[in-house]
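Colleague: Sharing a structure here in structure tokens format.
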Amino acid sequence: MLKNRRSRLDPLFEELSLDAVLVTDIRNIRYLCGFSGSEGALLISSATAWFLCDSRYTAQAAAEVQGAEVRECVLRLETLHALSVENGLKRIGFEAAHTSVSAFRKISGALSGIELVELGPVFDDIRICKDPLEIELLSAVATLASQSLTSILPLVKPGVRESDIALELEFEMRRRGADGRAFDFIVASGVRGAMPHGRASDKLIQSGELVTIDFGALKDAYHSDETVTIACGEPGGREREIYAIVKEAHDLAILQVRPGLTCRDLDAVARDYIREHGYGDYFGHGLGHGVGLEIHEMPTLSPRSEAVLKEGMVITIEPGIYIPGFGGVRIEDTLVVTGDGYRILTSADKHLLIL
Ligand code: ZN
Ligand code: ZN
């Protein structure tokens with residue numbers, strides 16, 4: 001599996017006349033060689049690969065790293081230079097998006113005589129379609145998070161603090177085996193629901209309010225992402241109206257998911273529906289995004305996105321309506337694009353729950 005992933009780099013060597021690629025982003029390192037620690041570097045030539053780490057990680061690397069020779073080093077850049085000279089690596093690509101200016105200066109200073117070639121978002125493209133192992137992990141973490149939410153729902157009631165709901169949900173995820181939360185949960189009740197990214201606050205939930213909970217778990221480096229909006233007590237007419245519009249926009253968009261559709265056209269399905277129902281000005285963000293080793297990754301689903309859906313992409317569908325001074329609704333699921341359509345990975349109930 002990891003060998004297949006590394007082979008996705010092969011065209012780069014030819015296109016850019018590279019002798020090797022230096023990978024320093026820890027997520028890309030994990031993706032390509034399996035190392036789960038927090039620091040290291042992976043040097044990949046067309047023929048072989050080396051994983052460089054300091055002594056803190058040697059034992060872990062020996063146990064985890066696949067398809068690369070582990071080299072413990074005291075001064076990583078010196079080792080990198082020596083390896084490059086020994087193996088005739090004269091043009092090395094590096095991840096420009098994950099290299100600070102000062103790090104670049106250090107690397108280029110240490111690798112004298114070696115040409116460093118700035119790589120664009122090549123790993124975004126390589127990671128955009130998930131392989132079967134990744135889909136299994138994304139499916140497992142999504143199930144864990146959905147079940148955690150379902151089990152803490154009885155806590156959502158008048159008088160409870162938003163931040164206590166976030167805390168209980170995280171406890172529940174960890175109890176069920178999560179490594180942690182995928183991001184700071186959003187728990188936004190009543191008028192705070194108008195803030196698409198309203199992190200859980202000290203506010204107490206009031207009877208009759210809508211509560212938007214955007215949550216995800218992290219397990220084995222993969223993230224889940226899901227949003228429910230729940231009515232705490234009997235909702236008013238306008239709350240019911242915007243819920244029904246967002247739910248229909250969400251359902252209509254999901255039904256269209258299939259390989260070959262552009263992300264822009266998919267975004268338009270939900271956006272047009274919301275606009276036709278008079279709330280176009282209240283849906284400001286894109287329809288969704290890719291999910292994987294990062295909570296937000298490619299592709300982006302927005303009116304400007306020219307990406308085309310392909311089998312193996314894992315995306316969110318998350319339309320919303322946010323009305324300042326009133327509140328809001330968002331409904332989000334994560335799904336995988338299959339050969340002929342989609343499979344939804346998240347499973348918390350998306351019908352209007354009245355607690
Ligand atoms: Zn979310
Ligand atoms: Zn999301």
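Residue numbering restarts at 1 for every chain of the structure tokens, chains are lettered A, B, ... in their displayed order, and ligands are numbered from 1 as they appear.
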Throw together the list of residues within 8 Å of ligand 1, counting only C-alpha atoms and all ligand atoms, and drop it here as a list in words.
Modeller: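 For ligand 1, the residues inside 8 Å are Asp214, Phe215, Gly216, Asp225, Glu226, Thr227, Thr316, Glu318 and Glu332 of chain A.
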Colleague: Neighbouring residues of Asp25 (chain A) were defined as those with any atom within 12 Å, considering only C-alpha atoms; residues of the same chain fewer than 4 positions away were excluded. Please report them as a VMD selection string.
Modeller: chain A and resid 29 to 32 35 to 43 94 to 100 121 123 to 124 293 to 294
Colleague: Which neighbours of Arg76 (chain A) fall inside 12 Å, counting only C-alpha atoms, when residues of the same chain fewer than 4 positions from it are skipped, and could you give them as a PyMOL selection string?
Modeller: chain A and resi 24+39-43+50-55+71-72+80-83+106-107+110-111
Colleague: Check the smallest atom-to-atom distance from each of A:Tyr342, A:Tyr322, A:Phe183, A:Phe104 to Tyr243 (chain A) using only C-alpha atoms, then report the winner.
Modeller: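 Ranked by minimum distance to Tyr243 (chain A), first place goes to A:Tyr322.
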Colleague: Kindly give the distance, in Å, that separates CA of Lys90 (chain A) and CA of Glu15 (chain A), rounded to a single decimal.
Modeller: 15.4 Å
Colleague: Excluding same-chain residues fewer than 3 positions from region 244-250 of chain A, what lies within 8 Å of it counting only C-alpha atoms, as a count of residues only?
Modeller: 21
Colleague: When DSSP works through the backbone of this structure, what residues of region 20-187 of chain A end up as helix (DSSP H, G or I), shown as a VMD selection string?
Modeller: chain A and resid 26 to 33 55 to 64 76 to 86 96 to 98 101 to 110 122 to 127 132 to 155 162 to 175
Colleague: Kindly indicate which residue among A:Ala103, A:Val228, A:Leu137, A:Val160 lies nearest to Ile205 (chain A), using only C-alpha atoms for the distances.
Modeller: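 With only C-alpha atoms as the atom set, the closest residue is A:Val160.
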Colleague: Do you know which residues are at most 6 Å from region 185-192 of chain A counting only C-alpha atoms, after dropping those on the same chain fewer than 5 positions away, and could you put them as a PyMOL selection string?
Modeller: chain A and resi 162+198-200+209-215+325-327
Colleague: Using only C-alpha atoms, which protein or nucleic acid residues come within 10 Å of Met313 (chain A)? Drop anything in the same chain fewer than 4 positions from it, and give the result as a CSV table (one decimal) with C-alpha atoms, in the first residue's frame.
Modeller:
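selection_27.csv was written with the following content:
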```
chain,number,residue,atom,x,y,z
A,127,ARG,CA,-3.5,12.6,-1.3
A,128,ILE,CA,-6.7,13.8,-2.9
A,129,CYS,CA,-8.0,10.3,-3.7
A,130,LYS,CA,-7.9,8.0,-0.7
A,131,ASP,CA,-6.8,4.4,-1.0
A,135,ILE,CA,-11.2,4.9,3.5
A,259,PRO,CA,-17.3,10.8,-10.3
A,290,GLY,CA,-11.9,17.2,1.5
A,291,VAL,CA,-11.1,15.4,4.8
A,292,GLY,CA,-8.2,13.0,5.5
A,298,MET,CA,-8.4,19.2,-1.2
A,299,PRO,CA,-10.8,19.3,-3.0
A,308,VAL,CA,-13.7,17.3,-10.6
A,309,LEU,CA,-15.0,14.6,-8.3
A,335,LEU,CA,-18.9,10.9,2.3
A,336,VAL,CA,-16.6,8.9,0.0
A,337,VAL,CA,-17.0,9.2,-3.8
A,338,THR,CA,-17.4,5.6,-5.1
A,342,TYR,CA,-21.2,7.9,-2.9
```
Colleague: Taking the DSSP assignment computed from this structure's backbone, write out as a list in words all residues of region 161-214 of chain A that belong to strand (DSSP E or B).
Modeller: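 After running DSSP on the backbone, region 161-214 of chain A has strand (DSSP E or B) at Arg161, Gly180, Arg181, Ile186, Val187, Ala188, Ser189, Arg199, Leu204, Glu209, Leu210, Val211, Thr212, Ile213 and Asp214 of chain A.
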Colleague: Mind dumping a table of every region 57-149 of chain A residue within 12 Å of region 163-171 of chain A, with the nearest atom pair and its distance in Å to one decimal, using only C-alpha atoms, sorted by chain and rising number, as CSV?
Modeller:
```
residue,atom,partner,partner_atom,distance
A:Leu144,CA,A:Leu169,CA,11.2
A:Ala145,CA,A:Leu169,CA,8.7
A:Ser146,CA,A:Leu169,CA,10.2
A:Gln147,CA,A:Leu169,CA,10.1
A:Ser148,CA,A:Leu169,CA,6.5
A:Leu149,CA,A:Leu169,CA,6.3
```
Colleague: Could you give me, as a PyMOL selection string, the residues within 8 Å of Leu352 (chain A), counting only C-alpha atoms and dropping anything in the same chain fewer than 3 positions from it?
Modeller: chain A and resi 229-231+243
Colleague: When distances are computed from only C-alpha atoms and all ligand atoms, which of A:Ile323, A:Arg91, A:His197, A:Glu276 shows the smallest separation from ligand 2?
Modeller: A:His197
Colleague: Rounded to one decimal in Å, what is the spacing between CA of Arg275 (chain A) and CA of Thr334 (chain A)?
Modeller: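 Pair CA of Arg275 (chain A) / CA of Thr334 (chain A) returns 23.2 Å.
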Colleague: Counting only C-alpha atoms, figure out which residue out of A:Arg8, A:His285, A:Arg258, A:Lys203 gets nearest to Pro158 (chain A).
Modeller: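 Looking at the shortest contact to Pro158 (chain A), the residue is A:Lys203.
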